[in-house]
Amino acid sequence: MPPTHATHLVADILDQQLVDTKKNKLGKVDGLVLVMREGKPPRVAYVECGAPVLGRRLGRWCERLALALNRRFGIREKPRYRIPWSKVKEIDIDMVVDVDEHPLLAWEDWLCEHVVRRIPFSK
Amino acid sequence: MKSSFLQIALGIITGIGGFLEVGSLATAAQAGASYRYGLVWAIVLGTVCLIFLIEMSGRLAAVSKHTIADAVRERFGFNFAVWPRGAEIIVNLLVLGAEIGGVCLGLKVLTGIEARWFAVPVALILWFALWVGTLDIIENSTSILGLLTIAFLVAALKMHPDWLPLARGSVFPVFPPRSESGNYWFTAVSILGATISPYMFYFYSSGAVEDGWDVKDLPANRVTAVIGMSFGALMSIAVLVSSAHVFNPRNIDISRYEQIALVLTPALHKWGLPIFGISLAVCCFGAGVEIALATAYSIAQTFGWNWGEDEKPAKRARFSLTYTVMIFLSIVPILLGVDPLKQTMFSMALTAVVLPLAILPFLLLLNDEGFVGTHRNGPIGNIVVAFTIFMAAIIAIVAIPLEIIGGGS
C-alpha cells in the first residue's frame, strides 16, 4: 500500500531500493515517468530502471554512452525497463513491486551462469 | 538477533582492520621517528572524529536499516552519489594495494623472500577468504588474530615513555623548525587520512544491516565504536612511541618498510622481528578484507544489487565479482614494482583529500527524521562532524601542495 502521508517523488521515491515480493533486490528507482493528461494533474505512470535512464540524469553524453555500450555488450534487449505504477505494492524501507517476468536481473544471472558458477566453491 | 559479544566483535574488527593497518603503522612510525611525540595529537584528534562517525554509521543502520551508501543515493540522488563512489573506488584500489603490500612485507620479514613474490598468493588467499567465508568467521578470526598487536603496546611500555611530554603531545602540536614544517604537516595529513578511513563507515554500516541491528542495539553500538576505535588508536600511539624511542634519538628518517620492521627489536629482542612480521601481515590482511568488502558493498548498494557476505557468491554474482576484480586489480602496482611505502603514504593523503565528500552526508542524514527519527544527532555530534568536514576540507586543499613539498623530501 502506498503511504498515506505526503510522498515526494524526488526526495522519497526516486533512487529508492526496488525489491520483488520475494525480497530480491532488483535495482534502484532510476527514473519516474509521468503522463500528462489534459485538464487533469499529471499521473505517475511508471518506475523506470536501466543504465541509460541513470546515464541521462548525468547528461545526454552519458545516456548515449550507456546505449552504445548496451548495443555492443548488452544482454538485455531493451536497456530501459518500465514497471507500471499499478505493480507497486508497498513503499517502506524498500519499494516492493509485484513483477514476475522482468529483465532486471539479466546481468546478475548472466554473470552467475557464465562466470561465478565456473569458479569452485561458489554454490 | 546477534549477541552483543558478536556486535562488539564487529566493532573490534573494524577497529583493528580499519585502524592498525599499513597506513597507520607507516604514518605513526614515520611521525615518531621524525618528530618524537610531536604528532600524537593527530592520532588522538582523528580517533575522536572517527568514534563519532563510526557511532553514526551504526546508528543510521540500526534505526533506518539503510547503509551509508544506500542512504546517500536515496537521500541525495544518483547525481551526487556517483562522485563519492567514483572517488572511493580509485582510493580504495590504491589502499587495498597498499594493504596487500603490507601483508607481503610482513611475510618478507618472516621469510626473507622478496615481497613482490607474495602478491599473487596473498591476493588469492584474501579473495578465497571472502569467497567461502561468512561475515562472522571473518569478523571473529581477524579480531582474535588482531590481538597480537598488543605486542606493540608491550614494546612501547618497555621503552619507558616520558609520560608528561606524551600527554602534552596528545593535545598540542609540537612544531618542528620552519624548514621541516612541510613534511610535518604532510605527515599529520597522512595520519588523519590513515585514521579517518571512509571505507570503515561503509563496512561497519553494511555489517550492521547484514547482522540485522535495530534500535535495541544502539547502546552496544556506542560501546563498540568507543572501545574498538580506542583500542586501534592505542596500538597506533604505541607504534609511534616505540618508533620515537628507537629511531628519533638516532636521527633515522624512515624511508623504507624494512626500517619500520626494527621498531620492536630493542624491546622484544629476537622475538621483535617475527612478531612485527606476523602483526603486520595479520593487520593488513584484516584491513584488506574490509576494504575489498566495503567497496563491493557500496557499489552494490549504490546500484541496488543483491549484496551480502553471508550468502554464497552464486546468489550475489555482481557483488562477489566486484570484490574479486578489486582484489586482483589492486596488486598491479606491486607487481610493477611501485615502492609500497610511497604507495601507502600517497594513498593515505589521497584518502584525506576525498574525506569531505565522504563525511558531508553524515551531517544531513543523521539529522534527517525520515532516516533516524528521534535518534538524531545531538549538538556535540553535529559540532564534531562539522569540525571534521571543515578540517577535512582544509586538508583537501593543502594536501596536494604538501605532497609536493613534504612527500618528496
# chains A, B, ... in the order shown; residues from 1 in each chain; ligands from 1

call {"tool": "interface_residues", "arguments": {"of": "chain A", "to": "chain B", "cutoff": "12 Å", "atoms": "only C-alpha atoms", "output": "MDAnalysis selection string"}}
result
chainID A and resid 7:20 23:31 49:51 53:59 62 92:95 104:123

call {"tool": "write_last_selection", "arguments": {"atoms": "C-alpha atoms", "output": "PDB file, in the first residue's frame"}}
result
ATOM      1  CA  THR A   7       5.215  11.443  -0.509  1.00  0.00           C
ATOM      2  CA  HIS A   8       7.719  13.444  -2.501  1.00  0.00           C
ATOM      3  CA  LEU A   9       8.579  11.947  -5.837  1.00  0.00           C
ATOM      4  CA  VAL A  10      12.205  13.024  -5.895  1.00  0.00           C
ATOM      5  CA  ALA A  11      13.007  13.004  -2.176  1.00  0.00           C
ATOM      6  CA  ASP A  12      11.177   9.794  -1.267  1.00  0.00           C
ATOM      7  CA  ILE A  13      10.604   7.686  -4.379  1.00  0.00           C
ATOM      8  CA  LEU A  14      13.414   8.376  -6.820  1.00  0.00           C
ATOM      9  CA  ASP A  15      16.528   6.300  -6.060  1.00  0.00           C
ATOM     10  CA  GLN A  16      14.703   4.024  -3.642  1.00  0.00           C
ATOM     11  CA  GLN A  17      15.640   0.335  -3.491  1.00  0.00           C
ATOM     12  CA  LEU A  18      13.399  -1.867  -5.649  1.00  0.00           C
ATOM     13  CA  VAL A  19      12.642  -5.374  -4.415  1.00  0.00           C
ATOM     14  CA  ASP A  20      10.290  -8.046  -5.686  1.00  0.00           C
ATOM     15  CA  LYS A  23      12.798  -9.628  -1.336  1.00  0.00           C
ATOM     16  CA  ASN A  24      15.216  -9.984  -4.258  1.00  0.00           C
ATOM     17  CA  LYS A  25      16.941  -6.682  -4.886  1.00  0.00           C
ATOM     18  CA  LEU A  26      16.086  -5.592  -8.415  1.00  0.00           C
ATOM     19  CA  GLY A  27      17.925  -2.279  -8.602  1.00  0.00           C
ATOM     20  CA  LYS A  28      17.018   1.268  -7.731  1.00  0.00           C
ATOM     21  CA  VAL A  29      14.259   3.540  -8.948  1.00  0.00           C
ATOM     22  CA  ASP A  30      16.436   5.140 -11.626  1.00  0.00           C
ATOM     23  CA  GLY A  31      13.675   7.251 -13.096  1.00  0.00           C
ATOM     24  CA  CYS A  49      15.245   1.309 -14.483  1.00  0.00           C
ATOM     25  CA  GLY A  50      18.369   0.808 -16.507  1.00  0.00           C
ATOM     26  CA  ALA A  51      21.776   2.249 -17.269  1.00  0.00           C
ATOM     27  CA  VAL A  53      17.977   6.071 -17.536  1.00  0.00           C
ATOM     28  CA  LEU A  54      20.691   6.705 -14.950  1.00  0.00           C
ATOM     29  CA  GLY A  55      23.050   7.992 -17.623  1.00  0.00           C
ATOM     30  CA  ARG A  56      20.544  10.546 -18.782  1.00  0.00           C
ATOM     31  CA  ARG A  57      20.487  12.058 -15.310  1.00  0.00           C
ATOM     32  CA  LEU A  58      24.201  12.772 -15.615  1.00  0.00           C
ATOM     33  CA  GLY A  59      23.924  14.163 -19.145  1.00  0.00           C
ATOM     34  CA  CYS A  62      26.284   9.556 -20.614  1.00  0.00           C
ATOM     35  CA  ASP A  92       8.591   1.490   3.065  1.00  0.00           C
ATOM     36  CA  ILE A  93      12.324   0.922   3.537  1.00  0.00           C
ATOM     37  CA  ASP A  94      12.276  -0.579   0.048  1.00  0.00           C
ATOM     38  CA  MET A  95       9.758  -0.281  -2.779  1.00  0.00           C
ATOM     39  CA  LEU A 104      16.231  -6.577 -14.260  1.00  0.00           C
ATOM     40  CA  LEU A 105      18.400  -9.441 -13.067  1.00  0.00           C
ATOM     41  CA  ALA A 106      19.620 -10.332 -16.563  1.00  0.00           C
ATOM     42  CA  TRP A 107      23.201  -9.293 -15.800  1.00  0.00           C
ATOM     43  CA  GLU A 108      23.194 -10.922 -12.397  1.00  0.00           C
ATOM     44  CA  ASP A 109      22.003 -14.194 -13.950  1.00  0.00           C
ATOM     45  CA  TRP A 110      24.354 -13.995 -16.918  1.00  0.00           C
ATOM     46  CA  LEU A 111      27.400 -13.373 -14.705  1.00  0.00           C
ATOM     47  CA  CYS A 112      26.313 -16.126 -12.340  1.00  0.00           C
ATOM     48  CA  GLU A 113      25.874 -18.595 -15.176  1.00  0.00           C
ATOM     49  CA  HIS A 114      28.956 -17.728 -17.217  1.00  0.00           C
ATOM     50  CA  VAL A 115      31.477 -16.669 -14.593  1.00  0.00           C
ATOM     51  CA  VAL A 116      30.652 -17.272 -10.934  1.00  0.00           C
ATOM     52  CA  ARG A 117      29.354 -20.835 -11.197  1.00  0.00           C
ATOM     53  CA  ARG A 118      32.504 -21.850 -13.032  1.00  0.00           C
ATOM     54  CA  ILE A 119      34.632 -20.834 -10.071  1.00  0.00           C
ATOM     55  CA  PRO A 120      34.872 -23.505  -7.321  1.00  0.00           C
ATOM     56  CA  PHE A 121      33.004 -23.069  -4.003  1.00  0.00           C
ATOM     57  CA  SER A 122      30.532 -20.582  -5.465  1.00  0.00           C
ATOM     58  CA  LYS A 123      27.398 -22.592  -4.564  1.00  0.00           C
TER      59      LYS A 123
END

call {"tool": "select_by_dssp", "arguments": {"residues": "range 110-211 of chain B", "states": "helix (DSSP H, G or I)", "output": "number ranges by chain"}}
result
B: 110-111, 115-132, 135-158, 163-171, 178-195, 198-210

call {"tool": "residues_around", "arguments": {"residues": "range 253-262 of chain B", "least_positions_apart": "2", "cutoff": "6 Å", "atoms": "only C-alpha atoms", "output": "list in words"}}
result
Gln30, Ser34, Leu264 and Thr265 of chain B

call {"tool": "atom_distance", "arguments": {"atom1": "CA of Ala352 in chain B", "atom2": "CA of Gly193 in chain B"}}
result
4.3 Å

call {"tool": "select_by_dssp", "arguments": {"residues": "range 23-111 of chain A", "states": "strand (DSSP E or B)", "output": "number ranges by chain"}}
result
A: 25-28, 31-37, 40-49, 81-84, 88-91, 95-97

call {"tool": "residues_around", "arguments": {"residues": "Leu67 in chain A", "least_positions_apart": "6", "cutoff": "9 Å", "atoms": "only C-alpha atoms", "output": "list in words"}}
result
Ala51, Pro52, Gly74 and Pro79 of chain A

call {"tool": "residues_around", "arguments": {"residues": "Val44 in chain A", "least_positions_apart": "2", "cutoff": "9 Å", "atoms": "only C-alpha atoms", "output": "MDAnalysis selection string"}}
result
chainID A and resid 32:35 42 46:47 84:85

call {"tool": "atom_distance", "arguments": {"atom1": "CA of Leu365 in chain B", "atom2": "CA of Met56 in chain B"}}
result
9.4 Å

call {"tool": "residues_around", "arguments": {"residues": "Val44 in chain B", "least_positions_apart": "2", "cutoff": "9 Å", "atoms": "only C-alpha atoms", "output": "VMD selection string"}}
result
chain B and resid 40 to 42 46 to 49 170 to 171 233 237

call {"tool": "write_last_selection", "arguments": {"atoms": "C-alpha atoms", "output": "compact mmCIF listing (two decimals), in the first residue's frame"}}
result
# COMPACT_ATOMS: atom_id res chain seq x y z
CA VAL B 40 50.41 12.15 18.78
CA TRP B 41 47.67 14.82 18.70
CA ALA B 42 46.88 13.88 15.08
CA GLY B 46 41.50 11.59 14.16
CA THR B 47 40.28 8.96 16.63
CA VAL B 48 37.78 11.30 18.31
CA CYS B 49 36.32 12.20 14.89
CA SER B 170 48.50 14.15 22.62
CA VAL B 171 46.81 17.52 22.88
CA ALA B 233 44.30 4.20 18.42
CA ILE B 237 50.18 5.51 19.55

call {"tool": "residues_around", "arguments": {"residues": "Phe276 in chain B", "least_positions_apart": "6", "cutoff": "12 Å", "atoms": "only C-alpha atoms", "output": "ChimeraX atom specification"}}
result
/B:22,25,102-103,105-110,148-152,155,239,257-265,267-270,282-284

call {"tool": "write_last_selection", "arguments": {"atoms": "C-alpha atoms", "output": "PDB file, in the first residue's frame"}}
result
ATOM      1  CA  VAL B  22      49.641  -0.491   6.881  1.00  0.00           C
ATOM      2  CA  LEU B  25      51.538   1.784  11.080  1.00  0.00           C
ATOM      3  CA  GLY B 102      51.729  -4.769   3.810  1.00  0.00           C
ATOM      4  CA  VAL B 103      50.879  -8.471   4.097  1.00  0.00           C
ATOM      5  CA  LEU B 105      56.138  -7.137   3.575  1.00  0.00           C
ATOM      6  CA  GLY B 106      55.135  -8.913   6.766  1.00  0.00           C
ATOM      7  CA  LEU B 107      55.833 -12.225   5.042  1.00  0.00           C
ATOM      8  CA  LYS B 108      59.115 -10.857   3.730  1.00  0.00           C
ATOM      9  CA  VAL B 109      60.184 -10.014   7.276  1.00  0.00           C
ATOM     10  CA  LEU B 110      59.368 -13.602   8.287  1.00  0.00           C
ATOM     11  CA  LEU B 148      48.615  -9.929  18.520  1.00  0.00           C
ATOM     12  CA  THR B 149      49.139  -6.221  18.014  1.00  0.00           C
ATOM     13  CA  ILE B 150      49.201  -5.898  21.804  1.00  0.00           C
ATOM     14  CA  ALA B 151      52.884  -6.665  21.210  1.00  0.00           C
ATOM     15  CA  PHE B 152      53.248  -3.036  20.103  1.00  0.00           C
ATOM     16  CA  ALA B 155      57.120  -2.822  23.363  1.00  0.00           C
ATOM     17  CA  VAL B 239      53.855   2.247  17.368  1.00  0.00           C
ATOM     18  CA  TYR B 257      59.415  -0.536   5.413  1.00  0.00           C
ATOM     19  CA  GLU B 258      62.430  -2.637   6.338  1.00  0.00           C
ATOM     20  CA  GLN B 259      63.402   0.120   8.789  1.00  0.00           C
ATOM     21  CA  ILE B 260      59.976   0.084  10.478  1.00  0.00           C
ATOM     22  CA  ALA B 261      60.384  -3.670  10.978  1.00  0.00           C
ATOM     23  CA  LEU B 262      63.112  -2.976  13.548  1.00  0.00           C
ATOM     24  CA  VAL B 263      60.751  -0.993  15.773  1.00  0.00           C
ATOM     25  CA  LEU B 264      60.054  -3.911  18.143  1.00  0.00           C
ATOM     26  CA  THR B 265      63.579  -5.330  18.257  1.00  0.00           C
ATOM     27  CA  ALA B 267      62.155  -4.127  23.379  1.00  0.00           C
ATOM     28  CA  LEU B 268      61.390  -7.694  22.337  1.00  0.00           C
ATOM     29  CA  HIS B 269      64.865  -8.717  21.117  1.00  0.00           C
ATOM     30  CA  LYS B 270      64.900 -11.821  18.931  1.00  0.00           C
ATOM     31  CA  VAL B 282      47.523 -10.021  10.108  1.00  0.00           C
ATOM     32  CA  CYS B 283      46.507  -6.362  10.432  1.00  0.00           C
ATOM     33  CA  CYS B 284      46.936  -5.640   6.751  1.00  0.00           C
TER      34      CYS B 284
END

call {"tool": "closest_residue", "arguments": {"among": "B:Gly112, B:Pro176, B:Gly32, B:Gly146", "to": "Ile278 in chain B", "atoms": "only C-alpha atoms"}}
result
B:Gly146

call {"tool": "atom_distance", "arguments": {"atom1": "CA of Gly23 in chain B", "atom2": "CA of Asn221 in chain B"}}
result
25.2 Å
